[in-house]
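Q: To be precise about what I am sending: the file is called work27.txt and holds compact mmCIF, C-alpha atoms.
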```
# COMPACT_ATOMS: atom_id res chain seq x y z
CA MET F 1 0.00 0.00 0.00
CA LYS F 2 1.39 3.39 -1.02
CA LYS F 3 1.72 6.08 1.63
CA ASN F 4 1.23 9.78 1.14
CA LEU F 5 4.84 10.63 1.90
CA TYR F 6 4.14 14.30 2.57
CA THR F 7 1.44 13.47 5.12
CA TYR F 8 3.70 10.89 6.73
CA LEU F 9 6.54 13.38 7.11
CA ALA F 10 4.29 16.21 8.29
CA GLY F 11 3.13 13.98 11.14
CA ASN F 12 6.60 12.78 12.13
CA GLU F 13 8.62 15.20 14.26
CA TYR F 14 11.92 13.39 13.76
CA PRO F 15 12.39 10.67 11.11
CA GLY F 16 16.08 11.66 11.10
CA ARG F 17 17.89 11.37 7.79
CA GLY F 18 15.93 10.04 4.84
CA ILE F 19 16.44 8.67 1.33
CA CYS F 20 13.75 8.58 -1.37
CA ILE F 21 14.18 6.90 -4.76
CA GLY F 22 11.39 7.08 -7.34
CA ARG F 23 10.35 6.89 -10.99
CA SER F 24 8.40 9.67 -12.70
CA PRO F 25 4.80 8.87 -13.74
CA ASP F 26 5.79 8.78 -17.43
CA GLY F 27 8.61 6.35 -16.63
CA THR F 28 11.32 8.46 -18.28
CA LYS F 29 13.10 9.82 -15.22
CA ALA F 30 14.54 8.58 -11.93
CA MET F 31 14.38 10.82 -8.89
CA ILE F 32 16.53 10.87 -5.76
CA ALA F 33 16.06 12.85 -2.55
CA TYR F 34 18.15 12.91 0.62
CA TRP F 35 17.70 15.10 3.67
CA ILE F 36 19.32 15.64 7.03
CA MET F 37 17.72 16.72 10.29
CA GLY F 38 19.22 17.60 13.66
CA ARG F 39 18.28 17.95 17.32
CA SER F 40 21.62 19.22 18.66
CA ALA F 41 23.34 22.50 17.79
CA ASN F 42 26.22 20.54 16.25
CA SER F 43 23.90 18.51 13.99
CA ARG F 44 21.94 21.58 12.94
CA ASN F 45 25.08 23.55 12.06
CA ARG F 46 25.31 22.09 8.55
CA ILE F 47 24.68 22.84 4.91
CA PHE F 48 24.92 20.87 1.67
CA VAL F 49 27.49 22.06 -0.87
CA THR F 50 28.06 20.74 -4.37
CA THR F 51 31.23 18.89 -5.33
CA GLY F 52 32.44 17.70 -8.70
CA ASP F 53 30.52 14.43 -8.52
CA GLY F 54 27.93 14.93 -5.80
CA ILE F 55 27.45 16.85 -2.55
CA ARG F 56 29.18 17.17 0.79
CA THR F 57 28.04 18.34 4.20
CA GLU F 58 29.88 21.32 5.66
CA ALA F 59 29.57 23.37 8.83
CA HIS F 60 27.43 26.46 8.33
CA ASP F 61 29.53 28.18 11.00
CA PRO F 62 32.94 26.44 11.28
CA ALA F 63 33.57 28.15 14.65
CA LYS F 64 30.63 26.27 16.14
CA LEU F 65 31.61 22.81 14.83
CA SER F 66 32.30 20.77 17.95
CA ASP F 67 32.61 17.24 16.51
CA PRO F 68 32.87 16.53 12.76
CA SER F 69 32.60 12.75 13.13
CA LEU F 70 29.35 11.31 11.75
CA ILE F 71 28.10 14.68 10.49
CA ILE F 72 30.68 15.71 7.84
CA TYR F 73 30.69 13.33 4.86
CA ASN F 74 29.76 12.89 1.18
CA PRO F 75 26.05 12.02 1.02
CA VAL F 76 26.05 11.73 -2.79
CA LEU F 77 28.72 10.50 -5.21
CA THR F 78 28.43 9.62 -8.91
CA LEU F 79 30.34 6.70 -10.36
CA GLY F 80 29.95 6.85 -14.14
CA LYS F 81 26.17 6.58 -14.61
CA THR F 82 25.62 5.11 -11.14
CA HIS F 83 24.34 7.41 -8.40
CA ILE F 84 25.18 6.61 -4.76
CA VAL F 85 23.41 8.23 -1.81
CA THR F 86 23.85 7.45 1.89
CA ASN F 87 23.66 9.02 5.34
CA GLY F 88 27.35 8.69 6.16
CA ASP F 89 30.87 7.94 5.05
CA GLN F 90 29.74 4.59 3.68
CA THR F 91 29.15 6.56 0.46
CA ASP F 92 32.91 6.46 0.03
CA THR F 93 33.02 2.75 0.86
CA ILE F 94 30.40 1.95 -1.79
CA PHE F 95 32.12 4.19 -4.36
CA ASP F 96 35.52 2.61 -3.71
CA GLU F 97 34.31 -0.99 -3.73
CA MET F 98 32.11 -0.59 -6.82
CA SER F 99 35.06 1.10 -8.56
CA ARG F 100 36.89 -2.19 -7.99
CA GLY F 101 34.05 -4.24 -9.49
CA ARG F 102 32.42 -5.29 -6.23
CA SER F 103 28.71 -4.92 -5.50
CA PHE F 104 26.63 -2.54 -3.40
CA ALA F 105 25.98 -5.35 -0.92
CA ASP F 106 29.63 -6.41 -0.85
CA ALA F 107 30.61 -2.89 0.16
CA LEU F 108 28.03 -2.60 2.92
CA ARG F 109 28.90 -5.98 4.41
CA THR F 110 32.13 -4.32 5.53
CA ARG F 111 30.19 -1.67 7.53
CA THR F 112 27.92 -1.51 10.54
CA PHE F 113 25.64 1.02 12.28
CA GLU F 114 26.97 4.29 13.68
CA PRO F 115 28.81 4.10 17.05
CA ASP F 116 26.55 6.66 18.76
CA GLU F 117 25.34 4.71 21.80
CA PRO F 118 22.52 4.48 22.88
CA ASN F 119 20.87 5.35 19.53
CA TYR F 120 23.16 3.22 17.34
CA THR F 121 21.88 5.19 14.37
CA PRO F 122 21.33 2.99 11.29
CA ARG F 123 23.33 3.51 8.13
CA ILE F 124 20.91 3.91 5.22
CA SER F 125 22.14 3.69 1.64
CA ALA F 126 20.86 3.49 -1.94
CA VAL F 127 22.27 3.19 -5.43
CA VAL F 128 20.51 4.06 -8.70
CA TYR F 129 21.79 2.46 -11.90
CA ALA F 130 21.78 3.81 -15.46
CA ASP F 131 18.57 1.95 -16.37
CA GLY F 132 16.73 3.37 -13.33
CA SER F 133 16.80 0.16 -11.31
CA TYR F 134 17.87 0.68 -7.73
CA GLN F 135 18.87 -0.96 -4.47
CA MET F 136 18.44 0.22 -0.88
CA SER F 137 19.88 -0.92 2.42
CA ILE F 138 19.73 -0.34 6.16
CA LEU F 139 22.39 -1.50 8.62
CA LYS F 140 20.99 -1.41 12.14
CA SER F 141 21.44 -2.80 15.62
CA ALA F 142 19.30 -5.60 16.98
CA ASP F 143 16.80 -3.47 18.95
CA GLY F 144 19.53 -1.31 20.45
CA ASN F 145 21.98 -4.15 21.07
CA GLY F 146 25.33 -2.64 20.16
CA GLU F 147 26.90 -6.09 19.86
CA SER F 148 24.64 -7.24 17.01
CA VAL F 149 24.41 -5.72 13.54
CA GLN F 150 21.57 -6.62 11.16
CA ARG F 151 22.00 -5.86 7.45
CA TYR F 152 18.94 -5.54 5.21
CA PHE F 153 19.02 -5.18 1.42
CA PHE F 154 16.12 -4.31 -0.90
CA ASP F 155 16.35 -4.78 -4.67
CA TYR F 156 14.12 -2.97 -7.19
CA PRO F 157 15.15 -4.20 -10.67
CA GLN F 158 11.92 -3.09 -12.39
CA PRO F 159 10.64 0.11 -10.77
CA VAL F 160 7.01 1.04 -11.35
CA ALA F 161 6.35 4.35 -13.08
CA GLY F 162 4.90 6.88 -10.65
CA GLU F 163 6.14 5.04 -7.55
CA GLY F 164 9.11 5.18 -5.25
CA HIS F 165 10.52 3.90 -1.96
CA PHE F 166 11.53 5.76 1.18
CA ILE F 167 13.74 4.79 4.10
CA SER F 168 14.87 6.81 7.10
CA THR F 169 17.15 6.33 10.06
CA TYR F 170 14.41 6.54 12.69
CA LYS F 171 10.75 5.69 13.19
CA HIS F 172 10.12 8.85 15.19
CA ASN F 173 11.57 10.95 17.99
CA GLY F 174 12.50 9.33 21.29
CA SER F 175 15.20 8.68 23.86
CA PRO F 176 16.91 6.58 22.67
CA ILE F 177 15.57 7.17 19.18
CA PRO F 178 13.93 4.03 17.73
CA SER F 179 15.39 2.79 14.44
CA PHE F 180 13.36 2.51 11.24
CA GLU F 181 11.64 -0.88 10.96
CA GLY F 182 10.40 -2.98 8.07
CA GLU F 183 10.64 -2.54 4.31
CA PRO F 184 11.11 0.85 2.67
CA LEU F 185 7.77 2.62 2.38
CA ARG F 186 6.10 2.89 -1.04
CA PHE F 187 4.98 6.33 -2.11
CA ALA F 188 3.51 8.05 -5.17
CA CYS F 189 6.23 9.87 -7.10
CA PRO F 190 5.21 13.26 -8.53
CA ARG F 191 5.75 14.42 -12.11
CA THR F 192 8.59 16.91 -11.61
CA ILE F 193 11.66 17.19 -9.42
CA GLY F 194 10.45 20.63 -8.33
CA ASP F 195 7.19 19.22 -7.00
CA PHE F 196 9.10 16.39 -5.33
CA ALA F 197 11.74 18.56 -3.65
CA HIS F 198 9.40 21.35 -2.55
CA GLY F 199 6.85 18.86 -1.23
CA LEU F 200 9.43 17.11 0.91
CA TRP F 201 11.05 20.30 2.21
CA GLN F 202 7.73 21.89 3.11
CA ASN F 203 6.58 18.86 5.10
CA LEU F 204 9.74 18.13 7.10
CA ASN F 205 9.53 19.38 10.69
CA PRO F 206 10.48 23.09 10.55
CA ASP F 207 12.48 23.00 13.80
CA ASN F 208 14.51 19.90 13.00
CA LYS F 209 15.05 19.98 9.23
CA VAL F 210 18.51 21.12 8.11
CA SER F 211 19.14 20.43 4.41
CA LEU F 212 17.62 18.60 1.44
CA PHE F 213 19.10 17.45 -1.87
CA ALA F 214 17.10 16.26 -4.88
CA ARG F 215 18.26 14.92 -8.26
CA VAL F 216 16.39 14.03 -11.44
CA ILE F 217 18.00 11.68 -13.98
CA ASP F 218 16.87 11.38 -17.60
CA LEU F 219 17.01 7.63 -18.20
CA GLU F 220 17.49 7.99 -21.96
CA THR F 221 20.33 10.52 -21.96
CA GLY F 222 21.76 10.01 -18.48
CA GLU F 223 21.72 13.75 -17.89
CA SER F 224 20.83 14.92 -14.39
CA GLY F 225 19.82 18.07 -12.56
CA ASP F 226 20.04 18.90 -8.86
CA MET F 227 18.23 21.05 -6.30
CA ILE F 228 19.49 21.94 -2.80
CA PHE F 229 17.68 23.51 0.17
CA ASN F 230 19.71 24.70 3.16
CA LYS F 231 17.87 26.03 6.18
CA TYR F 232 20.91 27.89 7.48
CA ASP F 233 22.41 29.05 4.18
```
Show me the file's structure as structure tokens.

A:
Amino acid sequence: MKKNLYTYLAGNEYPGRGICIGRSPDGTKAMIAYWIMGRSANSRNRIFVTTGDGIRTEAHDPAKLSDPSLIIYNPVLTLGKTHIVTNGDQTDTIFDEMSRGRSFADALRTRTFEPDEPNYTPRISAVVYADGSYQMSILKSADGNGESVQRYFFDYPQPVAGEGHFISTYKHNGSPIPSFEGEPLRFACPRTIGDFAHGLWQNLNPDNKVSLFARVIDLETGESGDMIFNKYD
């Protein structure tokens, strides 16, 4: 059953970081969205900046950056016609391993959840291939057990036009924050990247949202276009 993603986000104070992968209703384009949220001053002190092959997080005010670990990384990298998006430095792991001919899953089997006890924040990742097929993953603890990692992989070789899948780090706010559970959520993908990006940004919690990135990929030409929203830019 497809969810109204905007309604879901509007009613969720803190889903954390999120990845959406979808196919346009006419089937000609793939769409990617990734956002970050924050509860602490350190987490909120970030912006997205473009790089040669993707984006990177940077401190909005470098003087206020207290701990760069886990918050400064490359969320998006492009390897040829393959687009990689994650919520941490596993983007680099996937890029490096796929550059050597290994798979998305091979790369993530070398990683685990974030070492931020007691939350043990999941690592969420996705890769979109030239034909628009995609894979998603979540690496999480066993119900907060820091000694046990669980790795889940989801494969979408034949995406449905007008649909997409969403995964986030958390179910909702809490202490500790409960990890996302179950399969990625199905949602209806809008016609344009503008509608997609603006709809997501407008429905993320205004206090906790920090930045959002969206990309549209023309599946015939491989050309892509990006949009970025930074709350503190």

Q: Can you list every residue of range 26-127 of chain F that has an atom at most 9 Å from range 172-181 of chain F, with its nearest atom pair and the distance in Å to one decimal, using only C-alpha atoms, ordered by chain then number, as CSV?

A:
```
residue,atom,partner,partner_atom,distance
F:Glu117,CA,F:Pro176,CA,8.7
F:Pro118,CA,F:Pro176,CA,6.0
F:Asn119,CA,F:Pro176,CA,5.2
F:Tyr120,CA,F:Ser179,CA,8.3
F:Thr121,CA,F:Ser179,CA,6.9
F:Pro122,CA,F:Ser179,CA,6.7
```

Q: Please measure the separation of CA of Ile193 in chain F and CA of Lys29 in chain F, giving the value in Å to one decimal.

A: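 Atom-to-atom, CA of Ile193 in chain F to CA of Lys29 in chain F, that is 9.5 Å.
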
Q: Quick one: pull the distance between CA of Thr110 in chain F and CA of Arg151 in chain F, Å, one decimal.

A: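 Interatomic distance here is 10.4 Å.
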
Q: Just want the 12 Å neighbourhood of range 54-59 of chain F, counted on only C-alpha atoms, with same-chain residues fewer than 3 positions away dropped. Output as a CSV table (one decimal) with C-alpha atoms, in the frame of the given file.

A:
```csv
chain,number,residue,atom,x,y,z
F,34,TYR,CA,18.2,12.9,0.6
F,35,TRP,CA,17.7,15.1,3.7
F,36,ILE,CA,19.3,15.6,7.0
F,41,ALA,CA,23.3,22.5,17.8
F,42,ASN,CA,26.2,20.5,16.2
F,43,SER,CA,23.9,18.5,14.0
F,44,ARG,CA,21.9,21.6,12.9
F,45,ASN,CA,25.1,23.6,12.1
F,46,ARG,CA,25.3,22.1,8.6
F,47,ILE,CA,24.7,22.8,4.9
F,48,PHE,CA,24.9,20.9,1.7
F,49,VAL,CA,27.5,22.1,-0.9
F,50,THR,CA,28.1,20.7,-4.4
F,51,THR,CA,31.2,18.9,-5.3
F,62,PRO,CA,32.9,26.4,11.3
F,63,ALA,CA,33.6,28.2,14.6
F,64,LYS,CA,30.6,26.3,16.1
F,65,LEU,CA,31.6,22.8,14.8
F,66,SER,CA,32.3,20.8,18.0
F,67,ASP,CA,32.6,17.2,16.5
F,68,PRO,CA,32.9,16.5,12.8
F,69,SER,CA,32.6,12.8,13.1
F,70,LEU,CA,29.4,11.3,11.8
F,71,ILE,CA,28.1,14.7,10.5
F,72,ILE,CA,30.7,15.7,7.8
F,73,TYR,CA,30.7,13.3,4.9
F,74,ASN,CA,29.8,12.9,1.2
F,75,PRO,CA,26.0,12.0,1.0
F,76,VAL,CA,26.0,11.7,-2.8
F,77,LEU,CA,28.7,10.5,-5.2
F,78,THR,CA,28.4,9.6,-8.9
F,79,LEU,CA,30.3,6.7,-10.4
F,80,GLY,CA,30.0,6.8,-14.1
F,82,THR,CA,25.6,5.1,-11.1
F,83,HIS,CA,24.3,7.4,-8.4
F,84,ILE,CA,25.2,6.6,-4.8
F,85,VAL,CA,23.4,8.2,-1.8
F,86,THR,CA,23.8,7.4,1.9
F,87,ASN,CA,23.7,9.0,5.3
F,88,GLY,CA,27.4,8.7,6.2
F,89,ASP,CA,30.9,7.9,5.0
F,91,THR,CA,29.2,6.6,0.5
F,92,ASP,CA,32.9,6.5,0.0
F,95,PHE,CA,32.1,4.2,-4.4
F,210,VAL,CA,18.5,21.1,8.1
F,211,SER,CA,19.1,20.4,4.4
F,212,LEU,CA,17.6,18.6,1.4
F,213,PHE,CA,19.1,17.4,-1.9
F,214,ALA,CA,17.1,16.3,-4.9
F,215,ARG,CA,18.3,14.9,-8.3
F,224,SER,CA,20.8,14.9,-14.4
F,225,GLY,CA,19.8,18.1,-12.6
F,226,ASP,CA,20.0,18.9,-8.9
F,227,MET,CA,18.2,21.0,-6.3
F,228,ILE,CA,19.5,21.9,-2.8
F,230,ASN,CA,19.7,24.7,3.2
F,232,TYR,CA,20.9,27.9,7.5
F,233,ASP,CA,22.4,29.0,4.2
```

Q: Let me make sure I understand: among F:Lys81, F:Lys231, F:Lys2, F:Arg111, which one has the smallest atom-to-atom distance to Val128 in chain F if we use only C-alpha atoms?

A: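 Closest residue, counting only C-alpha atoms: F:Lys81.
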
Q: For Ser168 in chain F, which of F:Lys3, F:Arg102, F:Arg123, F:Arg39 is the closest residue, counting all atoms listed in the file?

A: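 That would be F:Arg123, the residue with the smallest distance to Ser168 in chain F.
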
Q: Rounded to one decimal in Å, what is the spacing between CA of Gly132 in chain F and CA of Phe229 in chain F?

A: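 Those two atoms sit 24.3 Å apart.
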
Q: Counting only C-alpha atoms, I want the residues whose atoms come within 6 Å of (23.2, -2.1, -3.2) in the file frame, returned as a PDB file with C-alpha atoms, keeping the file's coordinate frame.

A:
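What ended up in point-v4.pdb:
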```pdb
ATOM      1  CA  PHE F 104      26.630  -2.540  -3.400  1.00  0.00           C
ATOM      2  CA  ALA F 105      25.980  -5.350  -0.920  1.00  0.00           C
ATOM      3  CA  VAL F 127      22.270   3.190  -5.430  1.00  0.00           C
ATOM      4  CA  GLN F 135      18.870  -0.960  -4.470  1.00  0.00           C
ATOM      5  CA  MET F 136      18.440   0.220  -0.880  1.00  0.00           C
TER       6      MET F 136
END
```

Q: Name all residues at most 10 Å from range 183-189 of chain F (count all atoms listed in the file; drop same-chain ones fewer than 2 positions away) and give them as number ranges by chain.

A: F: 1-6, 19-25, 30-31, 136-138, 152-154, 160-168, 180-181, 191-193, 195-196

Q: Restricting the calculation to all atoms listed in the file, which member of F:Ala197, F:Ala130, F:Leu139, F:Leu108 is positioned closest to Gly222 in chain F?

A: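 Using all atoms listed in the file, Gly222 in chain F sits closest to F:Ala130.
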
Q: For Gln150 in chain F, which of F:Thr169, F:Leu9, F:Phe113, F:Glu220 is the closest residue, counting all atoms listed in the file?

A: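 So, comparing all the options, the nearest one is F:Phe113.
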
Q: Using all atoms listed in the file, can you tell me which of F:Ser99, F:Asn208, F:Thr28, F:Ser148 comes closest to Pro15 in chain F?

A: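 Ranking F:Ser99, F:Asn208, F:Thr28, F:Ser148 by distance to Pro15 in chain F, first place goes to F:Asn208.
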
Q: Around range 146-162 of chain F, fit a box with edges along x, y and z, padding it by 6 Å on each side, then list its centre and edge lengths in Å to one decimal as AutoDock Vina command-line options.

A:
```
--center_x 15.9 --center_y -0.2 --center_z 3.5 --size_x 34.0 --size_y 26.1 --size_z 45.2
```

Q: If we count all atoms listed in the file and set the cut-off at 8 Å, which residues sit around Ala107 in chain F, ignoring sequence neighbours fewer than 5 positions away in its own chain? Please answer as a JSON list (two decimals) with C-alpha atoms, in the frame of the given file.

A:
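Final file, around_25.json:
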```
[["chain", "number", "residue", "atom", "x", "y", "z"],
["F", 93, "THR", "CA", 33.02, 2.75, 0.86],
["F", 94, "ILE", "CA", 30.40, 1.95, -1.79],
["F", 97, "GLU", "CA", 34.31, -0.99, -3.73],
["F", 98, "MET", "CA", 32.11, -0.59, -6.82],
["F", 102, "ARG", "CA", 32.42, -5.29, -6.23]]
```

Q: Since the input is missing atoms for range 175-187 of chain F, could you rebuild it with N, CA and C atoms and give the result as an mmCIF file, in the frame of the given file?

A:
```cif
data_model
loop_
_atom_site.group_PDB
_atom_site.id
_atom_site.type_symbol
_atom_site.label_atom_id
_atom_site.label_comp_id
_atom_site.auth_asym_id
_atom_site.auth_seq_id
_atom_site.Cartn_x
_atom_site.Cartn_y
_atom_site.Cartn_z
ATOM 1 N N SER F 175 13.952 8.700 23.104
ATOM 2 C CA SER F 175 15.200 8.680 23.860
ATOM 3 C C SER F 175 15.368 7.302 24.512
ATOM 4 N N PRO F 176 16.198 6.410 23.940
ATOM 5 C CA PRO F 176 16.910 6.580 22.670
ATOM 6 C C PRO F 176 15.943 6.602 21.495
ATOM 7 N N ILE F 177 16.440 7.020 20.349
ATOM 8 C CA ILE F 177 15.570 7.170 19.180
ATOM 9 C C ILE F 177 15.388 5.803 18.514
ATOM 10 N N PRO F 178 14.148 5.355 18.319
ATOM 11 C CA PRO F 178 13.930 4.030 17.730
ATOM 12 C C PRO F 178 14.280 3.994 16.245
ATOM 13 N N SER F 179 14.986 2.948 15.834
ATOM 14 C CA SER F 179 15.390 2.790 14.440
ATOM 15 C C SER F 179 14.202 2.491 13.540
ATOM 16 N N PHE F 180 14.334 2.872 12.276
ATOM 17 C CA PHE F 180 13.360 2.510 11.240
ATOM 18 C C PHE F 180 13.171 0.993 11.244
ATOM 19 N N GLU F 181 11.935 0.553 10.990
ATOM 20 C CA GLU F 181 11.640 -0.880 10.960
ATOM 21 C C GLU F 181 10.895 -1.243 9.682
ATOM 22 N N GLY F 182 11.137 -2.453 9.200
ATOM 23 C CA GLY F 182 10.400 -2.980 8.070
ATOM 24 C C GLY F 182 10.983 -2.580 6.724
ATOM 25 N N GLU F 183 10.217 -2.872 5.667
ATOM 26 C CA GLU F 183 10.640 -2.540 4.310
ATOM 27 C C GLU F 183 10.550 -1.044 4.076
ATOM 28 N N PRO F 184 11.307 -0.543 3.083
ATOM 29 C CA PRO F 184 11.110 0.850 2.670
ATOM 30 C C PRO F 184 9.647 1.098 2.304
ATOM 31 N N LEU F 185 9.167 2.280 2.619
ATOM 32 C CA LEU F 185 7.770 2.620 2.380
ATOM 33 C C LEU F 185 7.542 3.004 0.923
ATOM 34 N N ARG F 186 6.460 2.515 0.326
ATOM 35 C CA ARG F 186 6.100 2.890 -1.040
ATOM 36 C C ARG F 186 5.367 4.225 -1.027
ATOM 37 N N PHE F 187 5.670 5.057 -2.010
ATOM 38 C CA PHE F 187 4.980 6.330 -2.110
ATOM 39 C C PHE F 187 4.728 6.670 -3.577
#
```
